Structure formats: C-alpha cells, structure tokens
$ cat coords_1.csv   # CSV, C-alpha atoms
chain,number,residue,atom,x,y,z
A,769,MET,CA,52.3,-7.7,-12.9
A,770,THR,CA,50.6,-10.7,-11.6
A,771,THR,CA,47.2,-11.4,-13.3
A,772,PRO,CA,45.0,-13.5,-11.1
A,773,THR,CA,42.7,-16.1,-12.7
A,774,ALA,CA,39.3,-14.6,-13.5
A,775,ASP,CA,36.6,-15.2,-10.9
A,776,SER,CA,35.4,-18.5,-12.3
A,777,ALA,CA,35.2,-22.2,-11.5
A,778,ASP,CA,39.0,-22.2,-10.8
A,779,ARG,CA,38.9,-22.4,-7.0
A,780,PRO,CA,41.7,-20.6,-5.2
A,781,THR,CA,43.6,-22.3,-2.4
A,782,MET,CA,43.2,-20.8,1.1
A,783,THR,CA,43.1,-22.2,4.6
A,784,PRO,CA,40.5,-20.7,7.0
A,785,LEU,CA,41.7,-18.3,9.8
A,786,THR,CA,40.7,-19.9,13.1
A,787,ALA,CA,41.6,-17.2,15.6
A,788,LEU,CA,37.9,-16.4,16.2
A,789,THR,CA,36.4,-14.8,19.3
A,790,CYS,CA,32.9,-14.8,20.7
A,791,PRO,CA,31.0,-11.6,19.8
A,792,LEU,CA,29.2,-11.6,23.1
A,793,ASP,CA,32.2,-11.8,25.5
A,794,ALA,CA,35.3,-11.7,23.3
A,795,GLN,CA,36.6,-15.1,24.6
A,796,PRO,CA,38.3,-17.4,22.1
A,797,LEU,CA,36.0,-19.7,20.1
A,798,VAL,CA,36.8,-23.4,19.8
A,799,ARG,CA,35.5,-25.6,17.0
A,800,ASP,CA,33.1,-28.3,18.3
A,801,GLY,CA,31.7,-30.3,15.5
A,802,GLN,CA,29.5,-28.0,13.4
A,803,SER,CA,29.6,-25.1,15.9
A,804,TRP,CA,32.0,-22.6,17.4
A,805,CYS,CA,31.8,-22.4,21.2
A,806,CYS,CA,33.4,-20.2,23.9
A,807,ALA,CA,34.1,-21.1,27.6
A,808,ASP,CA,30.9,-19.4,28.7
A,809,GLY,CA,28.8,-21.8,26.6
A,810,HIS,CA,27.9,-19.4,23.7
A,811,ARG,CA,27.5,-21.5,20.6
A,812,PHE,CA,27.4,-20.4,17.0
A,813,ASP,CA,26.4,-23.0,14.4
A,814,ILE,CA,28.2,-23.3,11.1
A,815,ALA,CA,25.8,-23.1,8.2
A,816,ARG,CA,25.4,-25.8,5.6
A,817,GLN,CA,27.4,-23.6,3.1
A,818,GLY,CA,30.3,-23.3,5.6
A,819,HIS,CA,29.9,-19.7,7.0
A,820,VAL,CA,29.1,-18.7,10.5
A,821,ASN,CA,27.0,-15.7,11.8
A,822,LEU,CA,28.9,-13.8,14.5
A,823,LEU,CA,26.8,-10.7,14.4
A,824,PRO,CA,24.7,-10.6,17.6
A,825,VAL,CA,21.3,-8.9,17.4
A,826,GLN,CA,22.4,-6.0,19.6
A,827,ARG,CA,25.0,-5.0,17.1
A,828,LYS,CA,22.4,-4.8,14.2
A,829,ARG,CA,21.1,-1.4,13.3
A,830,SER,CA,18.3,-2.9,11.2
A,831,LEU,CA,16.7,-6.3,10.8
A,832,ASP,CA,18.7,-7.0,7.7
A,833,PRO,CA,21.9,-4.9,7.7
A,834,GLY,CA,24.3,-4.4,4.9
A,835,ASP,CA,23.8,-5.2,1.2
A,836,SER,CA,20.5,-6.8,0.2
A,837,LYS,CA,20.2,-10.0,-1.8
A,838,ALA,CA,19.5,-8.0,-4.9
A,839,MET,CA,22.6,-5.8,-4.5
A,840,VAL,CA,24.8,-8.9,-4.0
A,841,SER,CA,23.4,-10.6,-7.1
A,842,ALA,CA,23.8,-7.4,-9.2
A,843,ARG,CA,27.4,-7.0,-8.1
A,844,GLN,CA,28.2,-10.6,-9.0
A,845,ARG,CA,26.8,-10.1,-12.5
A,846,LEU,CA,28.8,-6.9,-12.9
A,847,PHE,CA,32.0,-8.5,-11.7
A,848,ALA,CA,31.6,-11.3,-14.2
A,849,LEU,CA,31.9,-8.7,-17.0
A,850,GLY,CA,35.6,-8.4,-16.1
A,851,GLY,CA,35.8,-4.6,-15.7
A,852,TYR,CA,36.8,-4.7,-12.1
A,853,GLN,CA,39.5,-7.3,-12.7
A,854,PRO,CA,42.4,-4.8,-13.0
A,855,LEU,CA,41.5,-3.3,-9.7
A,856,ALA,CA,41.5,-6.8,-8.0
A,857,SER,CA,44.8,-7.6,-9.7
A,858,ALA,CA,46.4,-4.4,-8.5
A,859,LEU,CA,45.1,-5.0,-4.9
A,860,ALA,CA,46.5,-8.6,-5.0
A,861,ASP,CA,49.9,-7.4,-6.3
A,862,CYS,CA,50.1,-4.9,-3.5
A,863,VAL,CA,49.3,-7.4,-0.8
A,864,LEU,CA,51.7,-10.0,-2.1
A,865,ALA,CA,54.5,-7.4,-2.2
A,866,LEU,CA,54.1,-7.1,1.5
A,867,MET,CA,54.4,-10.8,2.1
A,868,ASP,CA,57.2,-12.7,3.8
A,869,GLN,CA,57.8,-15.5,1.3
A,870,GLU,CA,58.9,-17.9,4.1
A,871,ALA,CA,55.7,-17.8,6.1
A,872,PRO,CA,51.9,-18.0,5.4
A,873,LEU,CA,50.2,-14.7,5.2
A,874,ALA,CA,47.2,-14.3,7.5
A,875,VAL,CA,44.6,-12.0,5.8
A,876,LEU,CA,41.3,-10.4,6.8
A,877,ASP,CA,39.0,-9.0,4.1
A,878,ALA,CA,37.0,-6.5,6.2
A,879,GLY,CA,33.8,-5.9,4.3
A,880,CYS,CA,34.4,-8.8,1.9
A,881,GLY,CA,31.0,-8.7,0.1
A,882,GLU,CA,30.7,-11.8,-2.0
A,883,GLY,CA,34.4,-12.5,-1.7
A,884,PHE,CA,35.6,-11.3,-5.1
A,885,TYR,CA,38.7,-9.5,-4.0
A,886,LEU,CA,39.8,-12.1,-1.5
A,887,ARG,CA,39.4,-14.9,-4.1
A,888,GLN,CA,41.5,-12.9,-6.6
A,889,LEU,CA,44.2,-12.5,-4.0
A,890,ALA,CA,44.2,-16.2,-3.3
A,891,CYS,CA,44.5,-17.0,-7.0
A,892,ALA,CA,47.5,-14.7,-7.3
A,893,ALA,CA,49.1,-16.2,-4.2
A,894,GLY,CA,48.6,-19.7,-5.6
A,895,GLU,CA,50.3,-18.7,-8.9
A,896,GLN,CA,53.4,-17.8,-6.8
A,897,ASN,CA,53.1,-21.0,-4.7
A,898,LEU,CA,52.5,-18.8,-1.6
A,899,SER,CA,50.3,-19.8,1.4
A,900,LEU,CA,47.3,-17.8,2.5
A,901,THR,CA,45.3,-18.1,5.7
A,902,ALA,CA,42.2,-16.0,5.3
A,903,ALA,CA,38.9,-14.7,6.7
A,904,GLY,CA,36.3,-12.7,4.9
A,905,LEU,CA,33.8,-10.7,7.0
A,906,ASP,CA,30.8,-8.7,6.1
A,907,ILE,CA,27.7,-7.4,7.9
A,908,SER,CA,25.5,-8.6,5.1
A,909,LYS,CA,24.3,-12.2,5.5
A,910,HIS,CA,23.4,-12.3,1.8
A,911,ALA,CA,27.0,-11.3,0.8
A,912,VAL,CA,28.7,-13.8,3.1
A,913,LEU,CA,26.3,-16.6,1.9
A,914,ALA,CA,27.3,-15.8,-1.7
A,915,ALA,CA,31.0,-15.9,-0.7
A,916,ALA,CA,30.7,-19.2,1.1
A,917,LYS,CA,28.9,-20.8,-1.9
A,918,GLN,CA,31.8,-20.0,-4.1
A,919,SER,CA,34.7,-21.1,-1.9
A,920,ARG,CA,34.9,-23.0,1.4
A,921,ASP,CA,38.7,-22.3,1.7
A,922,ALA,CA,38.4,-19.2,3.9
A,923,ALA,CA,36.6,-18.5,7.1
A,924,TRP,CA,33.5,-16.6,6.0
A,925,LEU,CA,31.9,-14.6,8.8
A,926,VAL,CA,28.8,-12.4,9.2
A,927,GLY,CA,30.0,-9.7,11.5
A,928,THR,CA,30.9,-6.0,11.8
A,929,ASN,CA,34.1,-4.1,11.4
A,930,ALA,CA,33.1,-2.1,14.5
A,931,ALA,CA,33.7,-5.2,16.7
A,932,LEU,CA,35.7,-7.8,14.8
A,933,PRO,CA,35.2,-11.3,16.2
A,934,LEU,CA,39.0,-12.0,16.0
A,935,GLU,CA,41.8,-12.4,18.5
A,936,ASP,CA,44.3,-9.6,19.1
A,937,ALA,CA,47.3,-9.5,16.8
A,938,CYS,CA,46.2,-12.5,14.6
A,939,VAL,CA,46.5,-11.1,11.1
A,940,ASP,CA,49.3,-9.7,8.9
A,941,VAL,CA,47.2,-7.7,6.5
A,942,VAL,CA,43.7,-6.3,6.5
A,943,ILE,CA,42.2,-5.5,3.1
A,944,CYS,CA,39.3,-3.2,2.8
A,945,ALA,CA,37.9,-2.7,-0.7
A,946,PHE,CA,35.2,-0.1,-1.1
A,947,GLY,CA,34.3,-0.7,2.5
A,948,PHE,CA,34.1,1.1,5.8
A,949,PRO,CA,37.4,1.0,7.7
A,950,VAL,CA,37.4,1.0,11.5
A,951,TRP,CA,40.9,1.8,12.3
A,952,GLN,CA,41.0,1.1,16.0
A,953,GLU,CA,39.7,-2.4,15.4
A,954,PHE,CA,42.1,-2.9,12.5
A,955,ALA,CA,45.0,-2.0,14.8
A,956,ARG,CA,43.8,-4.4,17.4
A,957,VAL,CA,43.7,-7.5,15.2
A,958,LEU,CA,46.9,-6.7,13.3
A,959,LYS,CA,50.2,-8.0,14.3
A,960,PRO,CA,52.9,-5.3,15.1
A,961,GLY,CA,54.2,-4.2,11.8
A,962,GLY,CA,51.1,-5.3,10.0
A,963,HIS,CA,49.4,-3.5,7.2
A,964,VAL,CA,46.0,-2.2,5.9
A,965,VAL,CA,45.5,-2.2,2.2
A,966,LEU,CA,42.7,0.2,1.4
A,967,LEU,CA,40.9,0.4,-2.0
A,968,GLU,CA,38.6,3.4,-2.3
A,969,ALA,CA,36.6,5.1,-5.0
A,970,GLY,CA,38.6,7.9,-6.7
A,971,ALA,CA,37.2,11.2,-7.9
A,972,ASP,CA,36.4,9.9,-11.4
A,973,HIS,CA,34.8,6.6,-10.3
A,974,LEU,CA,31.6,6.0,-12.3
A,975,LEU,CA,31.8,9.7,-13.4
A,976,ALA,CA,29.7,9.1,-16.6
A,977,LEU,CA,26.9,7.6,-14.5
A,978,ARG,CA,27.0,10.3,-11.8
A,979,ARG,CA,26.7,13.0,-14.5
A,980,ILE,CA,23.5,11.4,-15.6
A,981,LEU,CA,22.1,11.0,-12.1
A,982,TYR,CA,22.9,14.3,-10.5
A,983,ARG,CA,22.6,17.9,-11.6
A,984,GLU,CA,25.6,18.9,-9.4
A,985,LEU,CA,28.4,16.6,-8.5
A,986,LYS,CA,29.9,16.6,-5.0
A,987,PRO,CA,33.6,17.3,-4.7
A,988,ALA,CA,36.0,14.5,-3.8
A,989,ARG,CA,36.3,14.1,0.0
A,990,GLY,CA,40.1,14.2,-0.2
A,991,ASP,CA,42.1,12.9,2.7
A,992,ALA,CA,39.8,14.1,5.5
A,993,GLY,CA,39.0,10.5,6.6
A,994,LEU,CA,42.6,9.5,7.1
A,995,SER,CA,43.1,11.3,10.4
A,996,ALA,CA,41.4,8.4,12.1
A,997,ALA,CA,44.0,6.1,10.7
A,998,GLU,CA,46.8,8.2,12.1
A,999,ALA,CA,45.1,8.4,15.5
A,1000,ALA,CA,45.0,4.6,15.6
A,1001,GLY,CA,48.8,4.4,15.0
A,1002,PHE,CA,49.0,4.0,11.3
A,1003,THR,CA,51.3,5.7,8.9
A,1004,ILE,CA,50.9,5.8,5.1
A,1005,SER,CA,53.5,3.8,3.2
A,1006,GLY,CA,54.5,5.0,-0.2
A,1007,GLU,CA,52.4,6.9,-2.7
A,1008,VAL,CA,48.7,6.7,-3.5
A,1009,GLY,CA,48.1,4.4,-6.4
A,1010,HIS,CA,45.5,5.6,-8.9
A,1011,LEU,CA,43.9,2.7,-10.7
A,1012,HIS,CA,41.8,3.2,-13.9
A,1013,ALA,CA,39.7,0.7,-15.8
A,1014,GLY,CA,36.8,0.7,-18.2
A,1015,LEU,CA,33.4,-1.0,-17.9
A,1016,SER,CA,31.2,-1.4,-21.0
A,1017,LEU,CA,27.5,-1.8,-20.3
A,1018,THR,CA,25.7,-3.0,-23.3
A,1019,SER,CA,22.1,-3.5,-22.1
A,1020,ASN,CA,19.5,-1.9,-19.9
A,1021,GLU,CA,19.8,-4.8,-17.5
A,1022,GLN,CA,23.5,-4.2,-16.9
A,1023,ILE,CA,22.9,-0.5,-16.3
A,1024,ARG,CA,20.2,-1.4,-13.8
A,1025,ASP,CA,22.7,-3.8,-12.1
A,1026,LEU,CA,25.2,-1.1,-11.8
A,1027,LEU,CA,22.6,1.2,-10.2
A,1028,THR,CA,21.5,-1.6,-7.9
A,1029,MET,CA,25.0,-2.5,-6.6
A,1030,THR,CA,25.8,1.1,-5.6
A,1031,PRO,CA,24.3,3.6,-3.1
A,1032,HIS,CA,23.3,5.8,-6.1
A,1033,LEU,CA,20.1,3.9,-6.5
A,1034,TYR,CA,18.9,5.5,-3.2
A,1035,ARG,CA,20.7,8.8,-3.4
A,1036,ALA,CA,20.1,9.9,-7.0
A,1037,GLU,CA,17.6,12.5,-8.0
A,1038,ARG,CA,14.4,11.1,-9.4
A,1039,ASP,CA,14.8,12.6,-12.9
A,1040,GLY,CA,18.4,11.5,-13.1
A,1041,LEU,CA,17.5,8.0,-12.0
A,1042,ALA,CA,14.8,7.8,-14.7
A,1043,ARG,CA,17.3,8.9,-17.4
A,1044,ALA,CA,19.8,6.2,-16.3
A,1045,GLU,CA,17.1,3.5,-16.1
A,1046,ALA,CA,16.0,4.2,-19.7
A,1047,MET,CA,19.5,3.8,-21.2
A,1048,THR,CA,20.5,0.7,-23.1
A,1049,ALA,CA,24.3,1.3,-23.3
A,1050,LEU,CA,26.9,3.2,-21.2
A,1051,GLU,CA,30.7,3.4,-21.0
A,1052,VAL,CA,31.9,4.1,-17.4
A,1053,GLU,CA,35.3,4.6,-15.9
A,1054,LEU,CA,36.4,2.8,-12.8
A,1055,HIS,CA,38.8,4.9,-10.8
A,1056,ALA,CA,40.1,3.6,-7.4
A,1057,GLU,CA,42.8,4.8,-5.0
A,1058,LEU,CA,45.0,2.2,-3.5
A,1059,ARG,CA,46.8,3.0,-0.2
A,1060,VAL,CA,48.9,1.0,2.2
A,1061,PHE,CA,48.9,1.8,5.9
A,1062,SER,CA,51.5,0.3,8.2
A,1063,LEU,CA,51.2,-0.3,11.9
A,1064,GLU,CA,54.5,0.3,13.6
A,1065,GLY,CA,55.5,-0.9,17.0
A,1066,VAL,CA,53.5,-2.7,19.7
A,1067,GLN,CA,50.0,-1.3,20.1
A,1068,ASP,CA,48.2,-0.8,23.4
A,1069,LYS,CA,45.4,-3.4,23.2
A,1070,SER,CA,43.6,-2.2,26.4
$ encode --input "coords_1.csv" --output "structure tokens"
Amino acid sequence: MTTPTADSADRPTMTPLTALTCPLDAQPLVRDGQSWCCADGHRFDIARQGHVNLLPVQRKRSLDPGDSKAMVSARQRLFALGGYQPLASALADCVLALMDQEAPLAVLDAGCGEGFYLRQLACAAGEQNLSLTAAGLDISKHAVLAAAKQSRDAAWLVGTNAALPLEDACVDVVICAFGFPVWQEFARVLKPGGHVVLLEAGADHLLALRRILYRELKPARGDAGLSAAEAAGFTISGEVGHLHAGLSLTSNEQIRDLLTMTPHLYRAERDGLARAEAMTALEVELHAELRVFSLEGVQDKS
C-alpha cells in the first residue's frame, strides 16, 4: 500500500485545474491577470493566498455558510495527530488505482475542507511519478483559505456542490470525503467512464464519543442515500471498503477540538456534552466506508 507523506511542510506537486465556469451564467472563465472573467464581463478576483470565491450571494443559505473558522482550525489540529492518515492513504490508493498511467489525472475534491485529503493524494501520486491536475472546492471560505495557505498547486475554489463552477466533462475523478455528494452535478463534470470515490462515516465512527454524548444512538443510515447515485447514472464498482483507525486524545483541548470539528457539538444532549467537555483523555475509533461509483456511457448534459 502506498503511504503518502504526512501532512507537513513537504509540499505535494499538483497543477491547477483551469476548466472553470462563471457561477452566474455558466460561461467559461478566462484568466486575466489576477482575476477570472467570463464573456459577459463578470469578474472574480484571485485572493492574495491564491484561491477564488465562486459562490454568488444568491447561492448562500447564510451569511457565512459551511465550516466556521473555529471548526477548520480544530480539524487541522486533529489531522496533525495522524489518526486520520490511514483513511487518507486508503483514499489515495483507491484513486490512483483508477488512473491511466499515461495521462494526467484531473481530480475534483468536492467538499475539500482545508485540503487534507487532496494533498495526501497529490503526495501519493508524486511518489509514483504520476501527474495530477486538481481543484478543491468547499462552501466554507475559511476552509478554502486554509487550504490555499498550505498549497498553491491546486485550484482552490469557494463554491457549492449543488452548482459546481466547472465545465462539463472536465474531470476524471471526483473525491468526496465526509462531504455532501450532489450526484447530478458530479455526473455533469465527469468525463464518460469517470468515477466518484466516496469516503463516508461508518457505523462505528467515533462510537466511544457518541456513547458519551447521547443516551440513545441512532442506527446507521445504510444504503438509503445511494439511490440518488443510481438515478444520476452511476453504478457501484467493487465491494465497500471498511477502513478502521484509532485516535488517541490525551488532553481536554484535543477532546474539545474533536467536538468542535464535528456536528455533534450542536446536536449533542446538554448533559452528554458536559461529560465529554470534562474529560482529559479518550480513545476513539475512526470507521469509514470507501465506495467507488462509475459513470458509464455518455451522459445527457441538458
């Protein structure tokens, strides 16, 4: 198994995906100095850190959608502990196994957060002397800013999976790690025969923490959400991969970071949250399910 370099000062090599479209009229965007522009004159400035905001105000459901700055910072500190590295390694191995060794792989990380999984994929590709053209997109401006600060080698975009600011049939693989898949949009931007690699929480994910937070645990949702993938023209390739790893939290601050980076901070019962926030050590299991979906044939883009 390929083991990507840890998320550190070793910068992976990627080239930015440039098949961008205007989020207002879906026309192609062309780089003009420090801006991206469409034929109708819409202009989107490139931030000093290198990312670009392609999320128009009419597509926002709140003033500051997506993960907060505190959530992003907490997740970065938790990723630095190394517990999530086996999940990232398995995701990278899965994507690279789909790759045509003779041609660069165009990848979209849909819901990229601070770019952890995409950077690990780029590291793994680099170890095999493979080329990667990449974009990372997230609805959180705080997450995309954090991603851009760590690597300028990808196109980092503030945007929404519900209306991807990308041209039709421009990517080979979409990865979606603990995100919100929008299958019709994934089908639109994928080339015929392309793939979605989906990494989702398994039934035992953070089970020790959830037992502290809730009096009664909800059953796993199963495969109910996969019907939308089939409706969009995807078929599941191979078996579901069950990934397991451990995360040792050795301080109250780390436990609070774990709470902050998950929705449990807002969903948990008050007494359970108080119990968790008072702890100084906790061993939790990370359990993820890895699936590959293939898009067969030429899709109707209308």
$ closest_residue --input "coords_1.csv" --among "A:Gly834, A:Gly894, A:Gly1009, A:Pro933" --to "Met1029 in chain A" --atoms "all atoms listed in the file"
A:Gly834
$ closest_residue --input "coords_1.csv" --among "A:Ala923, A:Leu977, A:Met1047, A:Ala1000" --to "Pro949 in chain A" --atoms "all atoms listed in the file"
A:Ala1000
$ closest_residue --input "coords_1.csv" --among "A:Thr1030, A:Thr783, A:Thr1003, A:Gln817" --to "Phe946 in chain A" --atoms "only C-alpha atoms"
A:Thr1030
$ residues_around --input "coords_1.csv" --residues "Ser899 in chain A" --least-positions-apart "6" --cutoff "8 Å" --atoms "only C-alpha atoms" --output "PyMOL selection string"
chain A and resi 782+871-873+893
$ closest_residue --input "coords_1.csv" --among "A:Leu981, A:Ala930, A:Leu994, A:Ala1056" --to "Ala1042 in chain A" --atoms "all atoms listed in the file"
A:Leu981
$ axis_aligned_box --input "coords_1.csv" --around "range 862-871 of chain A" --padding-each-side "6 Å" --output "AutoDock Vina command-line options"
--center_x 54.1 --center_y -11.4 --center_z 1.3 --size_x 21.6 --size_y 25.0 --size_z 21.6
$ closest_residue --input "coords_1.csv" --among "A:Val964, A:Val840, A:Ile980, A:Ala787" --to "Leu934 in chain A" --atoms "all atoms listed in the file"
A:Ala787
$ residues_near_point --input "coords_1.csv" --point "(51.9, -8.3, 3.3)" --cutoff "12 Å" --atoms "only C-alpha atoms" --output "PyMOL selection string"
chain A and resi 859-876+889+893+898-900+939-943+958-959+961-965+1060-1063
$ residues_around --input "coords_1.csv" --residues "Pro824 in chain A" --least-positions-apart "3" --cutoff "9 Å" --atoms "all atoms listed in the file" --output "list in words"
Pro791, Leu792, Asn821, Arg827, Lys828 and Gly927 of chain A
$ atom_distance --input "coords_1.csv" --atom1 "CA of Arg816 in chain A" --atom2 "CA of Lys909 in chain A"
13.6 Å
$ atom_distance --input "coords_1.csv" --atom1 "CA of Ala1013 in chain A" --atom2 "CA of Ala892 in chain A"
19.2 Å
$ closest_residue --input "coords_1.csv" --among "A:Arg843, A:His819, A:Lys837, A:His810" --to "Asp793 in chain A" --atoms "all atoms listed in the file"
A:His810
$ atom_distance --input "coords_1.csv" --atom1 "CA of Gln1022 in chain A" --atom2 "CA of Val1052 in chain A"
11.8 Å
$ residues_around --input "coords_1.csv" --residues "range 853-857 of chain A" --least-positions-apart "6" --cutoff "12 Å" --atoms "only C-alpha atoms" --output "PDB file with C-alpha atoms, in the coordinates of the input"
ATOM      1  CA  MET A 769      52.300  -7.700 -12.900  1.00  0.00           C
ATOM      2  CA  THR A 770      50.600 -10.700 -11.600  1.00  0.00           C
ATOM      3  CA  THR A 771      47.200 -11.400 -13.300  1.00  0.00           C
ATOM      4  CA  PRO A 772      45.000 -13.500 -11.100  1.00  0.00           C
ATOM      5  CA  THR A 773      42.700 -16.100 -12.700  1.00  0.00           C
ATOM      6  CA  ALA A 774      39.300 -14.600 -13.500  1.00  0.00           C
ATOM      7  CA  ASP A 775      36.600 -15.200 -10.900  1.00  0.00           C
ATOM      8  CA  SER A 776      35.400 -18.500 -12.300  1.00  0.00           C
ATOM      9  CA  LEU A 846      28.800  -6.900 -12.900  1.00  0.00           C
ATOM     10  CA  PHE A 847      32.000  -8.500 -11.700  1.00  0.00           C
ATOM     11  CA  VAL A 863      49.300  -7.400  -0.800  1.00  0.00           C
ATOM     12  CA  LEU A 864      51.700 -10.000  -2.100  1.00  0.00           C
ATOM     13  CA  GLY A 883      34.400 -12.500  -1.700  1.00  0.00           C
ATOM     14  CA  PHE A 884      35.600 -11.300  -5.100  1.00  0.00           C
ATOM     15  CA  TYR A 885      38.700  -9.500  -4.000  1.00  0.00           C
ATOM     16  CA  LEU A 886      39.800 -12.100  -1.500  1.00  0.00           C
ATOM     17  CA  ARG A 887      39.400 -14.900  -4.100  1.00  0.00           C
ATOM     18  CA  GLN A 888      41.500 -12.900  -6.600  1.00  0.00           C
ATOM     19  CA  LEU A 889      44.200 -12.500  -4.000  1.00  0.00           C
ATOM     20  CA  ALA A 890      44.200 -16.200  -3.300  1.00  0.00           C
ATOM     21  CA  CYS A 891      44.500 -17.000  -7.000  1.00  0.00           C
ATOM     22  CA  ALA A 892      47.500 -14.700  -7.300  1.00  0.00           C
ATOM     23  CA  ALA A 893      49.100 -16.200  -4.200  1.00  0.00           C
ATOM     24  CA  ILE A 943      42.200  -5.500   3.100  1.00  0.00           C
ATOM     25  CA  CYS A 944      39.300  -3.200   2.800  1.00  0.00           C
ATOM     26  CA  ALA A 945      37.900  -2.700  -0.700  1.00  0.00           C
ATOM     27  CA  PHE A 946      35.200  -0.100  -1.100  1.00  0.00           C
ATOM     28  CA  VAL A 965      45.500  -2.200   2.200  1.00  0.00           C
ATOM     29  CA  LEU A 966      42.700   0.200   1.400  1.00  0.00           C
ATOM     30  CA  LEU A 967      40.900   0.400  -2.000  1.00  0.00           C
ATOM     31  CA  GLU A 968      38.600   3.400  -2.300  1.00  0.00           C
ATOM     32  CA  ALA A 969      36.600   5.100  -5.000  1.00  0.00           C
ATOM     33  CA  GLY A 970      38.600   7.900  -6.700  1.00  0.00           C
ATOM     34  CA  HIS A 973      34.800   6.600 -10.300  1.00  0.00           C
ATOM     35  CA  GLY A1009      48.100   4.400  -6.400  1.00  0.00           C
ATOM     36  CA  HIS A1010      45.500   5.600  -8.900  1.00  0.00           C
ATOM     37  CA  LEU A1011      43.900   2.700 -10.700  1.00  0.00           C
ATOM     38  CA  HIS A1012      41.800   3.200 -13.900  1.00  0.00           C
ATOM     39  CA  ALA A1013      39.700   0.700 -15.800  1.00  0.00           C
ATOM     40  CA  GLY A1014      36.800   0.700 -18.200  1.00  0.00           C
ATOM     41  CA  LEU A1015      33.400  -1.000 -17.900  1.00  0.00           C
ATOM     42  CA  GLU A1053      35.300   4.600 -15.900  1.00  0.00           C
ATOM     43  CA  LEU A1054      36.400   2.800 -12.800  1.00  0.00           C
ATOM     44  CA  HIS A1055      38.800   4.900 -10.800  1.00  0.00           C
ATOM     45  CA  ALA A1056      40.100   3.600  -7.400  1.00  0.00           C
ATOM     46  CA  GLU A1057      42.800   4.800  -5.000  1.00  0.00           C
ATOM     47  CA  LEU A1058      45.000   2.200  -3.500  1.00  0.00           C
TER      48      LEU A1058
END
